[in-house]
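A short write-up of the structure that comes next.
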Amino acid sequence: MTRSSGVAEHKEKTEHTMIDFSFGEDLELVTETAQRFSDEQLLPAQRDFEQQRAVPLAVLREARDIGFDRIDWPESSGGAGMGAVARVLVTERLAGGCPGAAIALQPLGSVAHALLAFGGEAALRQHARSLDRPGMRAVLVFDHRSIWQGAGDALSGSVPWWPADRVDLLAVLSRTGLQLVTHGISVLPLPGAGLRAAGASEIRVDRTPVDAAWTDPTAAALALAHARVHLSALIVGQMHAAAEYARKYALERVAFGRPIAHHQALAFLIVDMHSAVDATRQLLHEAAWRLDACQPATEAAATALIEAVENAVFIGSNAVQILGGAGFMRDYPVEKHMRELRALGLLLGGADAARDDALGAGDASLAPISFLAAGALGA
């Protein structure tokens with residue numbers, strides 16, 4: 001064998017054994033479609049959505065025709081069957097344009113996977129048909145403090161604030177079960193501070209008949225993991241938008257003869273903000289991958305949400321700070337970014353409820369970024 005042929009053979013082997021970090025052709029296409037939709041339909045109109053407290057029916061129908069809301073549903077239930085990773089990639093892009101609109105574009109949202117976990121595809125198809133008209137909404141509430149009271153087949157409880165002006169299906173998820181209510185739901189409009197494109201209301205039910213109920217702690221954990229992954233994707237998408245806008249502004253704003261991004265302290269802050277986005281995204285994608293691989297995802301999803309909520313506070317406030325006093329003006333989007341991120345961090349009990357699940361049973365093999373845990377254990 002000549003030296004040149006040996007080098008060629010080594011190069012060929014290396015090319016075949018290189019780690020491929022790409023999403024694959026299908027996921028890349030889905031991601032590009034979601035990004036284009038966000039850039040063209042959501043981002044330019046985000047202030048209008050917020051003022052109207054709604055997304056126009058034409059936009060809702062276009063999103064439905066594309067299939068964003070069913071990207072991870074089973075194909076036999078009318079979905080694309082692409083899994084949690086696809087859902088995360090789509091949600092991140094849509095939330096970058098407007099997280100309130102991203103919520104409104106997915107009528108069933110996290111309720112879909114709660115129905116799949118407890119009632120299977122039959123339950124999903126049944127309730128999907130009942131919410132088929134544009135503008136209808138389902139809401140998933142996590143009763144992490146056990147404050148919702150059931151008496152026989154009736155349910156009583158309230159949510160002080162939720163990003164919705166209409167609730168056609170209320171799903172109350174506990175750590176052991178799921179209850180569905182479709183009638184007698186009181187929705188009281190609120191001014192709202194964030195996510196107004198999806199609405200803002202107090203939700204109440206008082207001794208309201210329960211349409212369906214299941215008890216299954218394993219299904220509850222799976223449904224909660226899906227919900228936390230979905231919420232984390234909304235936060236990551238909006239964090240990225242805030243950090244990126246602040247970076248671009250700092251590169252254009254000149255002070256003392258050079259862009260403010262070139263001043264060391266501000267440059268370090270911008271890097272820290274983008275590092276926080278990337279770190280949270282890694283945890284989020286790990287949790288989504290676990291769901292698709294049917295591996296335990298409770299701890300991974302909880303950790304991703306904790307990281308997302310805490311970094312959202314850091315990024316939202318500092319994006320405003322980089323713009324100075326102008327950051328609080330509606331002429332710039334960062335004040336909205338900060339409000340949206342704070343509001344998202346309140347859903348599903350926020351980081352406090354997630355901490356109960358983040359450590360799990362202490363098994364390092366189930367920790368997020370499992371390959372790092374395995375390496376630490378010498379596996």
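Labels for the structure tokens follow display order: chains A, B, ..., residues from 1 in each chain, ligands from 1.
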Assign secondary structure with DSSP using the backbone only, and return the residues of range 75-226 of chain A in helix (DSSP H, G or I) as a PyMOL selection string. chain A and resi 75-77+83-97+99-104+111-130+196-198+217-226
Mind checking which residues fall within 9 Å of Leu195 in chain A, counting only C-alpha atoms, ignoring those fewer than 5 positions away in the same chain, and posting them as a PyMOL selection string? chain A and resi 50+53+98-101+103+163-164+200+336+339-341+343-344
For the residues selected in the previous step, produce a file with C-alpha atoms as a tab-separated table (two decimals), in the first residue's frame.
```
chain	number	residue	atom	x	y	z
A	50	GLU	CA	-50.85	41.67	22.22
A	53	ARG	CA	-55.35	39.65	22.94
A	98	CYS	CA	-44.20	35.72	19.94
A	99	PRO	CA	-44.63	33.19	22.77
A	100	GLY	CA	-48.24	34.20	23.41
A	101	ALA	CA	-49.06	33.52	19.78
A	103	ILE	CA	-49.43	29.14	22.78
A	163	PRO	CA	-52.83	33.01	29.35
A	164	ALA	CA	-56.24	32.30	27.83
A	200	ALA	CA	-55.26	36.57	30.32
A	336	LYS	CA	-41.98	42.59	26.02
A	339	ARG	CA	-42.61	40.42	30.55
A	340	GLU	CA	-43.17	37.29	28.51
A	341	LEU	CA	-40.30	35.45	30.17
A	343	ALA	CA	-45.02	35.19	32.81
A	344	LEU	CA	-43.85	31.89	31.31
```
Measure the distance from CA of Val85 in chain A to CA of Gly109 in chain A in Å and round it to one decimal.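 CA of Gly109 in chain A lies at a distance of 15.0 Å from CA of Val85 in chain A.
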Which parts of range 129-359 of chain A does DSSP call strand (DSSP E) when run on the backbone here, written out as a count of residues only? 48
For Leu305 in chain A, list every protein, DNA or RNA residue within 10 Å, evaluated using only C-alpha atoms, and leave out those in the same chain fewer than 5 positions away; present the list as a ChimeraX atom specification. /A:225,227-233,235-236,280,283-284,287,299-300,310-311,345,348,350-355,358
Skip range 246-251 of chain A itself and residues of its chain fewer than 3 positions away, then list as a PyMOL selection string all residues within 7 Å of it, counting only C-alpha atoms. chain A and resi 242-243+259-261+270+319+322
Rank nothing, just name the residue among A:Met239, A:Leu173, A:Ala117, A:Ala212 nearest to Leu140 in chain A, using only C-alpha atoms.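 Closest to Leu140 in chain A of all the choices is A:Leu173.
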Selection: 10 Å around Ser158 in chain A, only C-alpha atoms, excl. self and same-chain fewer than 4 positions, as a ChimeraX atom specification: /A:141,147-149,185-187,202-206
Would you put the residues from that selection into a file with C-alpha atoms, as a short mmCIF file (atom, residue, chain, number, x, y, z; two decimals), in the first residue's frame?
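Saved result, again.cif, follows:
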```cif
data_model
loop_
_atom_site.label_atom_id
_atom_site.label_comp_id
_atom_site.auth_asym_id
_atom_site.auth_seq_id
_atom_site.Cartn_x
_atom_site.Cartn_y
_atom_site.Cartn_z
CA VAL A 141 -53.20 23.03 35.05
CA ILE A 147 -55.57 22.59 46.25
CA TRP A 148 -58.16 21.42 43.74
CA GLN A 149 -60.96 19.68 45.58
CA ILE A 185 -65.80 26.71 33.42
CA SER A 186 -65.81 30.34 34.55
CA VAL A 187 -63.30 32.56 32.71
CA GLU A 202 -58.77 33.81 36.03
CA ILE A 203 -60.21 30.31 35.68
CA ARG A 204 -62.70 28.91 38.18
CA VAL A 205 -64.83 25.81 38.55
CA ASP A 206 -67.20 25.27 41.45
#
```
Please, what distance in Å, to one decimal, runs between CA of Val181 in chain A and CA of Asp356 in chain A?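 Those two atoms sit 27.0 Å apart.
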Nearest to Val309 in chain A: which of A:Ala267, A:Leu234, A:Met329, A:Ala58 is it, counting only C-alpha atoms? A:Leu234
CA of Thr33 in chain A and CA of Val90 in chain A are how many Å apart? 8.5 Å
Which of these residues is nearest to Leu190 in chain A, using only C-alpha atoms: A:Leu27, A:Val159, A:Leu178, A:Glu32?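 With only C-alpha atoms as the atom set, the closest residue is A:Val159.
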Shell of 12 Å around Phe23 in chain A, only C-alpha atoms, local chain residues under 5 positions omitted, as a list in words: Glu28, Leu29, Val30, Thr31, Glu32, Met82, Val85, Ala86, Leu89, His285 and Trp289 of chain A
Find the residues around range 291-295 of chain A up to 6 Å (only C-alpha atoms counted), leave out those fewer than 3 positions away in its own chain, and share them as a PDB file with all heavy atoms, in the first residue's frame.
```
ATOM      1  N   GLY A  83     -42.270  13.349  17.011  1.00  0.00           N
ATOM      2  CA  GLY A  83     -41.712  13.255  18.348  1.00  0.00           C
ATOM      3  C   GLY A  83     -41.466  14.566  19.056  1.00  0.00           C
ATOM      4  O   GLY A  83     -41.695  15.661  18.522  1.00  0.00           O
ATOM      5  N   ALA A  84     -40.972  14.425  20.293  1.00  0.00           N
ATOM      6  CA  ALA A  84     -40.786  15.577  21.178  1.00  0.00           C
ATOM      7  C   ALA A  84     -39.704  16.527  20.694  1.00  0.00           C
ATOM      8  O   ALA A  84     -39.803  17.742  20.895  1.00  0.00           O
ATOM      9  CB  ALA A  84     -40.473  15.092  22.595  1.00  0.00           C
ATOM     10  N   ALA A 288     -36.088  16.166  25.719  1.00  0.00           N
ATOM     11  CA  ALA A 288     -36.933  15.792  24.581  1.00  0.00           C
ATOM     12  C   ALA A 288     -36.459  14.480  23.970  1.00  0.00           C
ATOM     13  O   ALA A 288     -37.278  13.622  23.592  1.00  0.00           O
ATOM     14  CB  ALA A 288     -36.920  16.904  23.539  1.00  0.00           C
TER      15      ALA A 288
END
```
